[in-house]
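Student: input31.txt is reproduced below (compact mmCIF, N, CA and C atoms and all ligand atoms).
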# COMPACT_ATOMS: atom_id res chain seq x y z
N MET H 20 34.56 -78.01 21.28
CA MET H 20 34.55 -77.14 20.11
C MET H 20 33.11 -76.97 19.64
N LYS H 21 32.68 -75.73 19.50
CA LYS H 21 31.29 -75.52 19.11
C LYS H 21 31.14 -75.36 17.60
N GLN H 22 31.94 -74.48 17.03
CA GLN H 22 31.83 -74.20 15.59
C GLN H 22 33.04 -73.37 15.17
N ILE H 23 33.18 -73.19 13.86
CA ILE H 23 34.23 -72.27 13.41
C ILE H 23 33.78 -70.86 13.80
N GLU H 24 34.66 -70.14 14.47
CA GLU H 24 34.31 -68.78 14.91
C GLU H 24 34.65 -67.78 13.80
N HIS H 25 35.86 -67.94 13.24
CA HIS H 25 36.23 -67.11 12.11
C HIS H 25 37.41 -67.74 11.37
N ILE H 26 37.68 -67.20 10.20
CA ILE H 26 38.86 -67.59 9.43
C ILE H 26 39.74 -66.34 9.33
N GLY H 27 41.01 -66.50 9.70
CA GLY H 27 41.94 -65.37 9.70
C GLY H 27 42.74 -65.35 8.40
N ILE H 28 42.82 -64.19 7.78
CA ILE H 28 43.54 -64.03 6.51
C ILE H 28 44.62 -62.96 6.68
N ALA H 29 45.85 -63.32 6.39
CA ALA H 29 46.97 -62.38 6.51
C ALA H 29 47.00 -61.50 5.26
N VAL H 30 47.04 -60.19 5.47
CA VAL H 30 47.07 -59.25 4.34
C VAL H 30 48.20 -58.24 4.52
N LYS H 31 48.67 -57.71 3.41
CA LYS H 31 49.75 -56.72 3.46
C LYS H 31 49.17 -55.34 3.74
N ASP H 32 48.02 -55.06 3.15
CA ASP H 32 47.45 -53.73 3.24
C ASP H 32 45.97 -53.82 3.62
N MET H 33 45.70 -53.53 4.87
CA MET H 33 44.34 -53.66 5.42
C MET H 33 43.32 -52.83 4.66
N GLU H 34 43.75 -51.62 4.31
CA GLU H 34 42.85 -50.70 3.62
C GLU H 34 42.30 -51.31 2.33
N SER H 35 43.22 -51.78 1.48
CA SER H 35 42.76 -52.30 0.19
C SER H 35 42.11 -53.68 0.38
N ALA H 36 42.63 -54.50 1.31
CA ALA H 36 42.03 -55.82 1.54
C ALA H 36 40.61 -55.66 2.08
N GLY H 37 40.42 -54.70 2.98
CA GLY H 37 39.09 -54.46 3.53
C GLY H 37 38.10 -54.13 2.42
N LYS H 38 38.53 -53.30 1.49
CA LYS H 38 37.63 -52.92 0.38
C LYS H 38 37.30 -54.11 -0.50
N ILE H 39 38.31 -54.95 -0.77
CA ILE H 39 38.09 -56.14 -1.60
C ILE H 39 37.09 -57.08 -0.93
N TYR H 40 37.26 -57.31 0.37
CA TYR H 40 36.36 -58.24 1.08
C TYR H 40 34.97 -57.64 1.29
N GLU H 41 34.89 -56.33 1.41
CA GLU H 41 33.57 -55.70 1.49
C GLU H 41 32.82 -55.93 0.18
N LYS H 42 33.52 -55.80 -0.93
CA LYS H 42 32.91 -56.04 -2.24
C LYS H 42 32.55 -57.50 -2.41
N LEU H 43 33.49 -58.37 -2.06
CA LEU H 43 33.29 -59.81 -2.23
C LEU H 43 32.07 -60.29 -1.44
N LEU H 44 31.98 -59.87 -0.19
CA LEU H 44 30.92 -60.37 0.69
C LEU H 44 29.68 -59.49 0.68
N ASN H 45 29.78 -58.38 -0.02
CA ASN H 45 28.67 -57.42 -0.11
C ASN H 45 28.21 -56.97 1.28
N THR H 46 29.17 -56.62 2.10
CA THR H 46 28.89 -56.14 3.45
C THR H 46 29.99 -55.16 3.86
N SER H 47 29.87 -54.63 5.06
CA SER H 47 30.88 -53.66 5.52
C SER H 47 31.66 -54.23 6.70
N VAL H 48 32.90 -53.80 6.78
CA VAL H 48 33.71 -54.10 7.95
C VAL H 48 32.97 -53.61 9.18
N TYR H 49 32.88 -54.43 10.25
CA TYR H 49 32.14 -53.94 11.44
C TYR H 49 33.04 -53.63 12.61
N LYS H 50 34.31 -53.98 12.50
CA LYS H 50 35.17 -53.73 13.64
C LYS H 50 36.63 -53.74 13.20
N THR H 51 37.39 -52.79 13.70
CA THR H 51 38.84 -52.77 13.46
C THR H 51 39.50 -52.54 14.80
N GLU H 52 40.54 -53.31 15.06
CA GLU H 52 41.14 -53.29 16.39
C GLU H 52 42.64 -53.52 16.26
N VAL H 53 43.44 -52.86 17.09
CA VAL H 53 44.88 -53.12 17.11
C VAL H 53 45.19 -53.93 18.36
N ILE H 54 45.86 -55.07 18.18
CA ILE H 54 46.30 -55.88 19.32
C ILE H 54 47.80 -55.60 19.46
N GLU H 55 48.10 -54.64 20.31
CA GLU H 55 49.46 -54.14 20.47
C GLU H 55 50.44 -55.27 20.80
N SER H 56 50.05 -56.13 21.75
CA SER H 56 50.94 -57.19 22.22
C SER H 56 51.31 -58.19 21.11
N GLU H 57 50.46 -58.29 20.08
CA GLU H 57 50.70 -59.24 18.99
C GLU H 57 51.29 -58.56 17.76
N GLY H 58 51.37 -57.25 17.79
CA GLY H 58 51.86 -56.52 16.62
C GLY H 58 50.94 -56.68 15.42
N VAL H 59 49.64 -56.65 15.71
CA VAL H 59 48.66 -56.97 14.67
C VAL H 59 47.48 -55.99 14.70
N LYS H 60 47.02 -55.66 13.49
CA LYS H 60 45.78 -54.91 13.35
C LYS H 60 44.77 -55.85 12.73
N THR H 61 43.57 -55.90 13.29
CA THR H 61 42.56 -56.83 12.77
C THR H 61 41.31 -56.08 12.35
N THR H 62 40.66 -56.63 11.37
CA THR H 62 39.38 -56.11 10.89
C THR H 62 38.45 -57.29 10.70
N PHE H 63 37.19 -57.11 11.08
CA PHE H 63 36.24 -58.21 10.96
C PHE H 63 35.10 -57.87 10.01
N LEU H 64 34.71 -58.90 9.24
CA LEU H 64 33.51 -58.82 8.42
C LEU H 64 32.67 -60.04 8.75
N GLN H 65 31.38 -59.89 8.63
CA GLN H 65 30.50 -61.01 8.94
C GLN H 65 29.63 -61.31 7.74
N VAL H 66 29.45 -62.62 7.46
CA VAL H 66 28.54 -63.02 6.40
C VAL H 66 27.75 -64.20 6.95
N GLY H 67 26.44 -64.02 7.09
CA GLY H 67 25.63 -65.02 7.77
C GLY H 67 26.19 -65.22 9.16
N PRO H 68 26.37 -66.47 9.59
CA PRO H 68 26.90 -66.72 10.93
C PRO H 68 28.43 -66.70 10.96
N ASN H 69 29.06 -66.47 9.82
CA ASN H 69 30.51 -66.64 9.72
C ASN H 69 31.25 -65.31 9.69
N LYS H 70 32.44 -65.34 10.26
CA LYS H 70 33.26 -64.14 10.29
C LYS H 70 34.59 -64.36 9.58
N ILE H 71 35.05 -63.30 8.97
CA ILE H 71 36.38 -63.27 8.37
C ILE H 71 37.18 -62.21 9.12
N GLU H 72 38.37 -62.59 9.52
CA GLU H 72 39.27 -61.65 10.20
C GLU H 72 40.44 -61.36 9.26
N LEU H 73 40.64 -60.11 8.94
CA LEU H 73 41.81 -59.72 8.15
C LEU H 73 42.88 -59.27 9.12
N LEU H 74 44.10 -59.71 8.91
CA LEU H 74 45.20 -59.38 9.82
C LEU H 74 46.33 -58.69 9.08
N GLU H 75 46.74 -57.56 9.60
CA GLU H 75 47.86 -56.82 9.02
C GLU H 75 48.90 -56.61 10.12
N ALA H 76 50.17 -56.74 9.77
CA ALA H 76 51.24 -56.53 10.74
C ALA H 76 51.36 -55.05 11.08
N THR H 77 51.62 -54.75 12.36
CA THR H 77 51.89 -53.36 12.74
C THR H 77 53.37 -53.19 13.10
N ALA H 78 54.13 -54.29 13.04
CA ALA H 78 55.56 -54.25 13.35
C ALA H 78 56.27 -55.25 12.46
N THR H 79 57.56 -55.02 12.22
CA THR H 79 58.29 -55.90 11.29
C THR H 79 58.53 -57.29 11.90
N ASN H 80 58.50 -57.38 13.26
CA ASN H 80 58.71 -58.69 13.89
C ASN H 80 57.38 -59.35 14.28
N SER H 81 56.28 -58.83 13.72
CA SER H 81 54.96 -59.39 14.01
C SER H 81 54.85 -60.79 13.40
N PRO H 82 54.10 -61.70 14.05
CA PRO H 82 53.89 -63.03 13.46
C PRO H 82 53.28 -62.93 12.06
N ILE H 83 52.52 -61.87 11.81
CA ILE H 83 51.89 -61.71 10.49
C ILE H 83 52.93 -61.34 9.44
N SER H 84 53.88 -60.46 9.80
CA SER H 84 54.90 -60.15 8.78
C SER H 84 55.78 -61.36 8.51
N ASN H 85 56.05 -62.16 9.56
CA ASN H 85 56.82 -63.39 9.34
C ASN H 85 56.07 -64.37 8.43
N PHE H 86 54.78 -64.48 8.68
CA PHE H 86 53.95 -65.39 7.88
C PHE H 86 53.95 -64.96 6.41
N ILE H 87 53.73 -63.66 6.17
CA ILE H 87 53.66 -63.16 4.79
C ILE H 87 55.02 -63.30 4.10
N ALA H 88 56.10 -63.06 4.86
CA ALA H 88 57.44 -63.22 4.27
C ALA H 88 57.67 -64.67 3.82
N LYS H 89 57.17 -65.61 4.62
CA LYS H 89 57.37 -67.04 4.31
C LYS H 89 56.40 -67.56 3.27
N LYS H 90 55.12 -67.22 3.43
CA LYS H 90 54.09 -67.87 2.62
C LYS H 90 53.31 -66.93 1.72
N GLY H 91 53.48 -65.64 1.92
CA GLY H 91 52.67 -64.68 1.16
C GLY H 91 51.32 -64.48 1.83
N GLU H 92 50.51 -63.63 1.24
CA GLU H 92 49.19 -63.37 1.80
C GLU H 92 48.33 -64.62 1.67
N GLY H 93 47.35 -64.75 2.54
CA GLY H 93 46.43 -65.88 2.42
C GLY H 93 45.89 -66.31 3.76
N ILE H 94 45.25 -67.48 3.76
CA ILE H 94 44.63 -67.97 5.00
C ILE H 94 45.72 -68.21 6.05
N HIS H 95 45.55 -67.62 7.20
CA HIS H 95 46.54 -67.66 8.27
C HIS H 95 46.13 -68.63 9.37
N HIS H 96 44.88 -68.62 9.74
CA HIS H 96 44.42 -69.55 10.79
C HIS H 96 42.92 -69.78 10.71
N ILE H 97 42.50 -70.86 11.36
CA ILE H 97 41.07 -71.14 11.54
C ILE H 97 40.80 -71.09 13.03
N ALA H 98 39.79 -70.34 13.41
CA ALA H 98 39.47 -70.19 14.83
C ALA H 98 38.19 -70.95 15.16
N PHE H 99 38.24 -71.67 16.27
CA PHE H 99 37.07 -72.40 16.74
C PHE H 99 36.57 -71.79 18.04
N ASP H 100 35.28 -71.70 18.13
CA ASP H 100 34.60 -71.19 19.30
C ASP H 100 34.57 -72.32 20.35
N VAL H 101 35.00 -72.03 21.55
CA VAL H 101 34.93 -73.04 22.62
C VAL H 101 34.17 -72.48 23.82
N GLU H 102 33.57 -73.39 24.54
CA GLU H 102 32.78 -73.03 25.73
C GLU H 102 33.71 -72.64 26.87
N ASP H 103 34.73 -73.48 27.08
CA ASP H 103 35.62 -73.32 28.23
C ASP H 103 37.06 -73.50 27.74
N ILE H 104 37.74 -72.39 27.51
CA ILE H 104 39.06 -72.45 26.87
C ILE H 104 40.09 -73.18 27.72
N ILE H 105 40.00 -73.04 29.04
CA ILE H 105 40.96 -73.72 29.94
C ILE H 105 40.80 -75.24 29.80
N ALA H 106 39.56 -75.69 29.81
CA ALA H 106 39.29 -77.14 29.69
C ALA H 106 39.72 -77.65 28.32
N GLU H 107 39.47 -76.87 27.29
CA GLU H 107 39.81 -77.29 25.92
C GLU H 107 41.34 -77.32 25.74
N MET H 108 42.02 -76.35 26.33
CA MET H 108 43.49 -76.34 26.27
C MET H 108 44.06 -77.57 26.97
N ALA H 109 43.50 -77.92 28.11
CA ALA H 109 43.97 -79.09 28.87
C ALA H 109 43.71 -80.37 28.06
N ARG H 110 42.53 -80.43 27.43
CA ARG H 110 42.18 -81.62 26.64
C ARG H 110 43.15 -81.78 25.46
N LEU H 111 43.41 -80.69 24.75
CA LEU H 111 44.29 -80.77 23.59
C LEU H 111 45.73 -81.09 23.98
N LYS H 112 46.18 -80.50 25.08
CA LYS H 112 47.53 -80.77 25.57
C LYS H 112 47.67 -82.25 25.89
N ASN H 113 46.65 -82.76 26.54
CA ASN H 113 46.60 -84.17 26.90
C ASN H 113 46.60 -85.09 25.68
N GLU H 114 46.05 -84.60 24.58
CA GLU H 114 46.01 -85.36 23.32
C GLU H 114 47.31 -85.22 22.53
N GLY H 115 48.25 -84.42 23.06
CA GLY H 115 49.55 -84.30 22.41
C GLY H 115 49.71 -83.11 21.49
N PHE H 116 48.73 -82.22 21.46
CA PHE H 116 48.86 -81.02 20.63
C PHE H 116 49.81 -80.02 21.30
N ILE H 117 50.53 -79.27 20.46
CA ILE H 117 51.45 -78.26 20.98
C ILE H 117 50.72 -76.92 21.04
N LEU H 118 50.57 -76.40 22.25
CA LEU H 118 49.90 -75.10 22.41
C LEU H 118 50.95 -74.00 22.39
N LEU H 119 50.64 -72.90 21.73
CA LEU H 119 51.61 -71.81 21.63
C LEU H 119 51.59 -70.88 22.84
N ASN H 120 50.57 -71.00 23.67
CA ASN H 120 50.60 -70.28 24.94
C ASN H 120 50.02 -71.16 26.05
N ASP H 121 50.57 -71.00 27.25
CA ASP H 121 50.17 -71.85 28.39
C ASP H 121 48.90 -71.37 29.06
N THR H 122 48.67 -70.07 28.95
CA THR H 122 47.44 -69.51 29.52
C THR H 122 46.74 -68.73 28.41
N PRO H 123 45.42 -68.59 28.51
CA PRO H 123 44.70 -67.85 27.46
C PRO H 123 45.18 -66.41 27.38
N LYS H 124 45.22 -65.89 26.15
CA LYS H 124 45.63 -64.51 25.94
C LYS H 124 44.42 -63.67 25.54
N GLU H 125 44.59 -62.36 25.69
CA GLU H 125 43.56 -61.43 25.22
C GLU H 125 43.61 -61.40 23.70
N GLY H 126 42.49 -61.70 23.06
CA GLY H 126 42.46 -61.65 21.60
C GLY H 126 41.58 -60.52 21.12
N ALA H 127 41.41 -60.46 19.81
CA ALA H 127 40.53 -59.43 19.23
C ALA H 127 39.08 -59.81 19.48
N ASP H 128 38.19 -58.87 19.32
CA ASP H 128 36.75 -59.11 19.32
C ASP H 128 36.24 -59.69 20.65
N ASN H 129 36.82 -59.20 21.76
CA ASN H 129 36.35 -59.60 23.10
C ASN H 129 36.48 -61.10 23.38
N LYS H 130 37.64 -61.65 23.00
CA LYS H 130 37.83 -63.09 23.17
C LYS H 130 39.07 -63.39 24.01
N LEU H 131 39.03 -64.54 24.66
CA LEU H 131 40.23 -65.14 25.21
C LEU H 131 40.67 -66.17 24.19
N VAL H 132 41.96 -66.19 23.87
CA VAL H 132 42.41 -67.06 22.79
C VAL H 132 43.63 -67.88 23.17
N CYS H 133 43.80 -68.98 22.45
CA CYS H 133 45.01 -69.80 22.55
C CYS H 133 45.26 -70.38 21.17
N PHE H 134 46.52 -70.42 20.76
CA PHE H 134 46.85 -70.97 19.44
C PHE H 134 47.48 -72.36 19.56
N VAL H 135 47.15 -73.20 18.60
CA VAL H 135 47.71 -74.55 18.53
C VAL H 135 48.72 -74.55 17.38
N HIS H 136 49.92 -75.04 17.64
CA HIS H 136 51.00 -75.01 16.65
C HIS H 136 50.59 -75.75 15.37
N PRO H 137 50.86 -75.14 14.21
CA PRO H 137 50.50 -75.81 12.95
C PRO H 137 51.16 -77.18 12.78
N LYS H 138 52.33 -77.37 13.40
CA LYS H 138 53.01 -78.67 13.31
C LYS H 138 52.14 -79.79 13.83
N SER H 139 51.31 -79.48 14.82
CA SER H 139 50.49 -80.54 15.40
C SER H 139 49.11 -80.62 14.77
N ALA H 140 48.84 -79.78 13.76
CA ALA H 140 47.53 -79.81 13.10
C ALA H 140 47.68 -79.78 11.58
N ASN H 141 48.59 -80.60 11.07
CA ASN H 141 48.77 -80.76 9.63
C ASN H 141 48.98 -79.45 8.88
N GLY H 142 49.77 -78.58 9.49
CA GLY H 142 50.16 -77.36 8.79
C GLY H 142 49.19 -76.20 8.94
N VAL H 143 48.14 -76.38 9.75
CA VAL H 143 47.17 -75.29 9.92
C VAL H 143 47.26 -74.72 11.33
N LEU H 144 47.43 -73.41 11.42
CA LEU H 144 47.41 -72.76 12.72
C LEU H 144 45.95 -72.71 13.19
N ILE H 145 45.72 -73.24 14.39
CA ILE H 145 44.37 -73.29 14.95
C ILE H 145 44.28 -72.31 16.12
N GLU H 146 43.23 -71.57 16.16
CA GLU H 146 42.98 -70.66 17.29
C GLU H 146 41.74 -71.14 18.04
N LEU H 147 41.87 -71.23 19.35
CA LEU H 147 40.69 -71.49 20.18
C LEU H 147 40.22 -70.14 20.68
N CYS H 148 38.94 -69.87 20.67
CA CYS H 148 38.51 -68.63 21.30
C CYS H 148 37.22 -68.77 22.06
N GLN H 149 37.24 -68.13 23.20
CA GLN H 149 36.08 -68.14 24.09
C GLN H 149 35.67 -66.69 24.30
N THR H 150 34.39 -66.43 24.12
CA THR H 150 33.90 -65.07 24.38
C THR H 150 34.09 -64.77 25.87
N LYS H 151 34.63 -63.57 26.15
CA LYS H 151 34.88 -63.22 27.55
C LYS H 151 33.57 -63.10 28.30
N PRO H 152 33.56 -63.63 29.52
CA PRO H 152 32.29 -63.57 30.29
C PRO H 152 31.90 -62.12 30.62
ZN ZN H 201 41.72 -65.04 14.78
Go ahead and express the file in the form of structure tokens.
Ligand code: ZN

Tutor:
Amino acid sequence: MKQIEHIGIAVKDMESAGKIYEKLLNTSVYKTEVIESEGVKTTFLQVGPNKIELLEATATNSPISNFIAKKGEGIHHIAFDVEDIIAEMARLKNEGFILLNDTPKEGADNKLVCFVHPKSANGVLIELCQTKP
């Protein structure tokens, strides 16, 4: 694990949330992307070395709509930057963590990603991400 890559925040309305975070961080959204396979639309803002990812559901069965229905809007996951996602997944599996996918998936922002079940990380959904070579 190198560092926190970004913090993911589940929002109901990307348009208004984007404006709020642009004001809060005094910067502009630099990227918006739809991840069709996840039923999610993402927007990124950067402040110093840190990124915030806003996530909005694009489908009613999206993990984001389920999350908001259960917990409301708010912090959804913490993502860590990793050098070698395959090695890190194997290490965590070996340590007893529950991985939500067996192979890395295509994520937003040119990343390969894998999620760690919140049950195995004290209630926090963890995302591993490796910049695609
Ligand atoms: Zn993320």

Student: Which one is closest to ligand ZN 201 (chain H): H:Lys31, H:His25, H:Lys42, H:Lys130? Count all atoms listed in the file.

Tutor: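 Using all atoms listed in the file, ligand ZN 201 (chain H) sits closest to H:His25.
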
Student: Report the closest atom pair, with its distance in Å rounded to one decimal, for each residue of chain H that has an atom no farther than 7 Å from ligand ZN 201 (chain H); count only N, CA and C atoms and all ligand atoms, sort by chain and then rising residue number, and write it as a tab-separated table.

Tutor:
residue	atom	partner	partner_atom	distance
H:His25	C	H:ZN201	ZN	6.1
H:Ile26	C	H:ZN201	ZN	5.9
H:Gly27	CA	H:ZN201	ZN	5.1
H:Glu72	CA	H:ZN201	ZN	6.2
H:His96	C	H:ZN201	ZN	6.4
H:Ile97	C	H:ZN201	ZN	6.4
H:Ala98	CA	H:ZN201	ZN	5.6
H:Ala127	N	H:ZN201	ZN	6.8
H:Glu146	CA	H:ZN201	ZN	6.3

Student: Next, write the just-selected residues to a file, as a JSON list (two decimals), in the coordinates of the input, keeping N, CA and C atoms as the atom set.

Tutor:
[["chain", "number", "residue", "atom", "x", "y", "z"],
["H", 25, "HIS", "N", 35.86, -67.94, 13.24],
["H", 25, "HIS", "CA", 36.23, -67.11, 12.11],
["H", 25, "HIS", "C", 37.41, -67.74, 11.37],
["H", 26, "ILE", "N", 37.68, -67.20, 10.20],
["H", 26, "ILE", "CA", 38.86, -67.59, 9.43],
["H", 26, "ILE", "C", 39.74, -66.34, 9.33],
["H", 27, "GLY", "N", 41.01, -66.50, 9.70],
["H", 27, "GLY", "CA", 41.94, -65.37, 9.70],
["H", 27, "GLY", "C", 42.74, -65.35, 8.40],
["H", 72, "GLU", "N", 38.37, -62.59, 9.52],
["H", 72, "GLU", "CA", 39.27, -61.65, 10.20],
["H", 72, "GLU", "C", 40.44, -61.36, 9.26],
["H", 96, "HIS", "N", 44.88, -68.62, 9.74],
["H", 96, "HIS", "CA", 44.42, -69.55, 10.79],
["H", 96, "HIS", "C", 42.92, -69.78, 10.71],
["H", 97, "ILE", "N", 42.50, -70.86, 11.36],
["H", 97, "ILE", "CA", 41.07, -71.14, 11.54],
["H", 97, "ILE", "C", 40.80, -71.09, 13.03],
["H", 98, "ALA", "N", 39.79, -70.34, 13.41],
["H", 98, "ALA", "CA", 39.47, -70.19, 14.83],
["H", 98, "ALA", "C", 38.19, -70.95, 15.16],
["H", 127, "ALA", "N", 41.41, -60.46, 19.81],
["H", 127, "ALA", "CA", 40.53, -59.43, 19.23],
["H", 127, "ALA", "C", 39.08, -59.81, 19.48],
["H", 146, "GLU", "N", 43.23, -71.57, 16.16],
["H", 146, "GLU", "CA", 42.98, -70.66, 17.29],
["H", 146, "GLU", "C", 41.74, -71.14, 18.04]]

Student: Give the answer as one residue: which of H:Ser84, H:Glu41, H:Ile54, H:Cys148 has the shortest atom-to-atom distance to H:Ala106, using only C-alpha atoms?

Tutor: H:Cys148

Student: Which of these residues is nearest to H:Glu75, using all atoms listed in the file: H:Leu111, H:Ile39, H:Val30, H:Val53?

Tutor: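 Checking each candidate against H:Glu75, we get H:Val30 as the closest.
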
Student: Have a look at H:Ile94, H:Leu43, H:Leu64, H:Val135 and name the one nearest to H:Ile117; count all atoms listed in the file.

Tutor: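 So, comparing all the options, the nearest one is H:Val135.
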
Student: When DSSP works through the backbone of this structure, what residues of chain H end up as alpha helix (DSSP H), shown as a PDB file with N, CA and C atoms, keeping the file's coordinate frame?

Tutor:
ATOM      1  N   MET H  33      45.700 -53.530   4.870  1.00  0.00           N
ATOM      2  CA  MET H  33      44.340 -53.660   5.420  1.00  0.00           C
ATOM      3  C   MET H  33      43.320 -52.830   4.660  1.00  0.00           C
ATOM      4  N   GLU H  34      43.750 -51.620   4.310  1.00  0.00           N
ATOM      5  CA  GLU H  34      42.850 -50.700   3.620  1.00  0.00           C
ATOM      6  C   GLU H  34      42.300 -51.310   2.330  1.00  0.00           C
ATOM      7  N   SER H  35      43.220 -51.780   1.480  1.00  0.00           N
ATOM      8  CA  SER H  35      42.760 -52.300   0.190  1.00  0.00           C
ATOM      9  C   SER H  35      42.110 -53.680   0.380  1.00  0.00           C
ATOM     10  N   ALA H  36      42.630 -54.500   1.310  1.00  0.00           N
ATOM     11  CA  ALA H  36      42.030 -55.820   1.540  1.00  0.00           C
ATOM     12  C   ALA H  36      40.610 -55.660   2.080  1.00  0.00           C
ATOM     13  N   GLY H  37      40.420 -54.700   2.980  1.00  0.00           N
ATOM     14  CA  GLY H  37      39.090 -54.460   3.530  1.00  0.00           C
ATOM     15  C   GLY H  37      38.100 -54.130   2.420  1.00  0.00           C
ATOM     16  N   LYS H  38      38.530 -53.300   1.490  1.00  0.00           N
ATOM     17  CA  LYS H  38      37.630 -52.920   0.380  1.00  0.00           C
ATOM     18  C   LYS H  38      37.300 -54.110  -0.500  1.00  0.00           C
ATOM     19  N   ILE H  39      38.310 -54.950  -0.770  1.00  0.00           N
ATOM     20  CA  ILE H  39      38.090 -56.140  -1.600  1.00  0.00           C
ATOM     21  C   ILE H  39      37.090 -57.080  -0.930  1.00  0.00           C
ATOM     22  N   TYR H  40      37.260 -57.310   0.370  1.00  0.00           N
ATOM     23  CA  TYR H  40      36.360 -58.240   1.080  1.00  0.00           C
ATOM     24  C   TYR H  40      34.970 -57.640   1.290  1.00  0.00           C
ATOM     25  N   GLU H  41      34.890 -56.330   1.410  1.00  0.00           N
ATOM     26  CA  GLU H  41      33.570 -55.700   1.490  1.00  0.00           C
ATOM     27  C   GLU H  41      32.820 -55.930   0.180  1.00  0.00           C
ATOM     28  N   LYS H  42      33.520 -55.800  -0.930  1.00  0.00           N
ATOM     29  CA  LYS H  42      32.910 -56.040  -2.240  1.00  0.00           C
ATOM     30  C   LYS H  42      32.550 -57.500  -2.410  1.00  0.00           C
ATOM     31  N   LEU H  43      33.490 -58.370  -2.060  1.00  0.00           N
ATOM     32  CA  LEU H  43      33.290 -59.810  -2.230  1.00  0.00           C
ATOM     33  C   LEU H  43      32.070 -60.290  -1.440  1.00  0.00           C
ATOM     34  N   LEU H  44      31.980 -59.870  -0.190  1.00  0.00           N
ATOM     35  CA  LEU H  44      30.920 -60.370   0.690  1.00  0.00           C
ATOM     36  C   LEU H  44      29.680 -59.490   0.680  1.00  0.00           C
ATOM     37  N   PRO H  82      54.100 -61.700  14.050  1.00  0.00           N
ATOM     38  CA  PRO H  82      53.890 -63.030  13.460  1.00  0.00           C
ATOM     39  C   PRO H  82      53.280 -62.930  12.060  1.00  0.00           C
ATOM     40  N   ILE H  83      52.520 -61.870  11.810  1.00  0.00           N
ATOM     41  CA  ILE H  83      51.890 -61.710  10.490  1.00  0.00           C
ATOM     42  C   ILE H  83      52.930 -61.340   9.440  1.00  0.00           C
ATOM     43  N   SER H  84      53.880 -60.460   9.800  1.00  0.00           N
ATOM     44  CA  SER H  84      54.900 -60.150   8.780  1.00  0.00           C
ATOM     45  C   SER H  84      55.780 -61.360   8.510  1.00  0.00           C
ATOM     46  N   ASN H  85      56.050 -62.160   9.560  1.00  0.00           N
ATOM     47  CA  ASN H  85      56.820 -63.390   9.340  1.00  0.00           C
ATOM     48  C   ASN H  85      56.070 -64.370   8.430  1.00  0.00           C
ATOM     49  N   PHE H  86      54.780 -64.480   8.680  1.00  0.00           N
ATOM     50  CA  PHE H  86      53.950 -65.390   7.880  1.00  0.00           C
ATOM     51  C   PHE H  86      53.950 -64.960   6.410  1.00  0.00           C
ATOM     52  N   ILE H  87      53.730 -63.660   6.170  1.00  0.00           N
ATOM     53  CA  ILE H  87      53.660 -63.160   4.790  1.00  0.00           C
ATOM     54  C   ILE H  87      55.020 -63.300   4.100  1.00  0.00           C
ATOM     55  N   ALA H  88      56.100 -63.060   4.860  1.00  0.00           N
ATOM     56  CA  ALA H  88      57.440 -63.220   4.270  1.00  0.00           C
ATOM     57  C   ALA H  88      57.670 -64.670   3.820  1.00  0.00           C
ATOM     58  N   LYS H  89      57.170 -65.610   4.620  1.00  0.00           N
ATOM     59  CA  LYS H  89      57.370 -67.040   4.310  1.00  0.00           C
ATOM     60  C   LYS H  89      56.400 -67.560   3.270  1.00  0.00           C
ATOM     61  N   LYS H  90      55.120 -67.220   3.430  1.00  0.00           N
ATOM     62  CA  LYS H  90      54.090 -67.870   2.620  1.00  0.00           C
ATOM     63  C   LYS H  90      53.310 -66.930   1.720  1.00  0.00           C
ATOM     64  N   ILE H 104      37.740 -72.390  27.510  1.00  0.00           N
ATOM     65  CA  ILE H 104      39.060 -72.450  26.870  1.00  0.00           C
ATOM     66  C   ILE H 104      40.090 -73.180  27.720  1.00  0.00           C
ATOM     67  N   ILE H 105      40.000 -73.040  29.040  1.00  0.00           N
ATOM     68  CA  ILE H 105      40.960 -73.720  29.940  1.00  0.00           C
ATOM     69  C   ILE H 105      40.800 -75.240  29.800  1.00  0.00           C
ATOM     70  N   ALA H 106      39.560 -75.690  29.810  1.00  0.00           N
ATOM     71  CA  ALA H 106      39.290 -77.140  29.690  1.00  0.00           C
ATOM     72  C   ALA H 106      39.720 -77.650  28.320  1.00  0.00           C
ATOM     73  N   GLU H 107      39.470 -76.870  27.290  1.00  0.00           N
ATOM     74  CA  GLU H 107      39.810 -77.290  25.920  1.00  0.00           C
ATOM     75  C   GLU H 107      41.340 -77.320  25.740  1.00  0.00           C
ATOM     76  N   MET H 108      42.020 -76.350  26.330  1.00  0.00           N
ATOM     77  CA  MET H 108      43.490 -76.340  26.270  1.00  0.00           C
ATOM     78  C   MET H 108      44.060 -77.570  26.970  1.00  0.00           C
ATOM     79  N   ALA H 109      43.500 -77.920  28.110  1.00  0.00           N
ATOM     80  CA  ALA H 109      43.970 -79.090  28.870  1.00  0.00           C
ATOM     81  C   ALA H 109      43.710 -80.370  28.060  1.00  0.00           C
ATOM     82  N   ARG H 110      42.530 -80.430  27.430  1.00  0.00           N
ATOM     83  CA  ARG H 110      42.180 -81.620  26.640  1.00  0.00           C
ATOM     84  C   ARG H 110      43.150 -81.780  25.460  1.00  0.00           C
ATOM     85  N   LEU H 111      43.410 -80.690  24.750  1.00  0.00           N
ATOM     86  CA  LEU H 111      44.290 -80.770  23.590  1.00  0.00           C
ATOM     87  C   LEU H 111      45.730 -81.090  23.980  1.00  0.00           C
ATOM     88  N   LYS H 112      46.180 -80.500  25.080  1.00  0.00           N
ATOM     89  CA  LYS H 112      47.530 -80.770  25.570  1.00  0.00           C
ATOM     90  C   LYS H 112      47.670 -82.250  25.890  1.00  0.00           C
ATOM     91  N   ASN H 113      46.650 -82.760  26.540  1.00  0.00           N
ATOM     92  CA  ASN H 113      46.600 -84.170  26.900  1.00  0.00           C
ATOM     93  C   ASN H 113      46.600 -85.090  25.680  1.00  0.00           C
TER      94      ASN H 113
END

Student: Interatomic distance between atom CA of H:Phe86 and atom CA of H:Gln149?

Tutor: 24.3 Å

Student: State, in Å with one decimal place, the distance from atom CA of H:Ala36 to atom C of H:Gly58.

Tutor: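 Between these atoms lies a distance of 16.5 Å.
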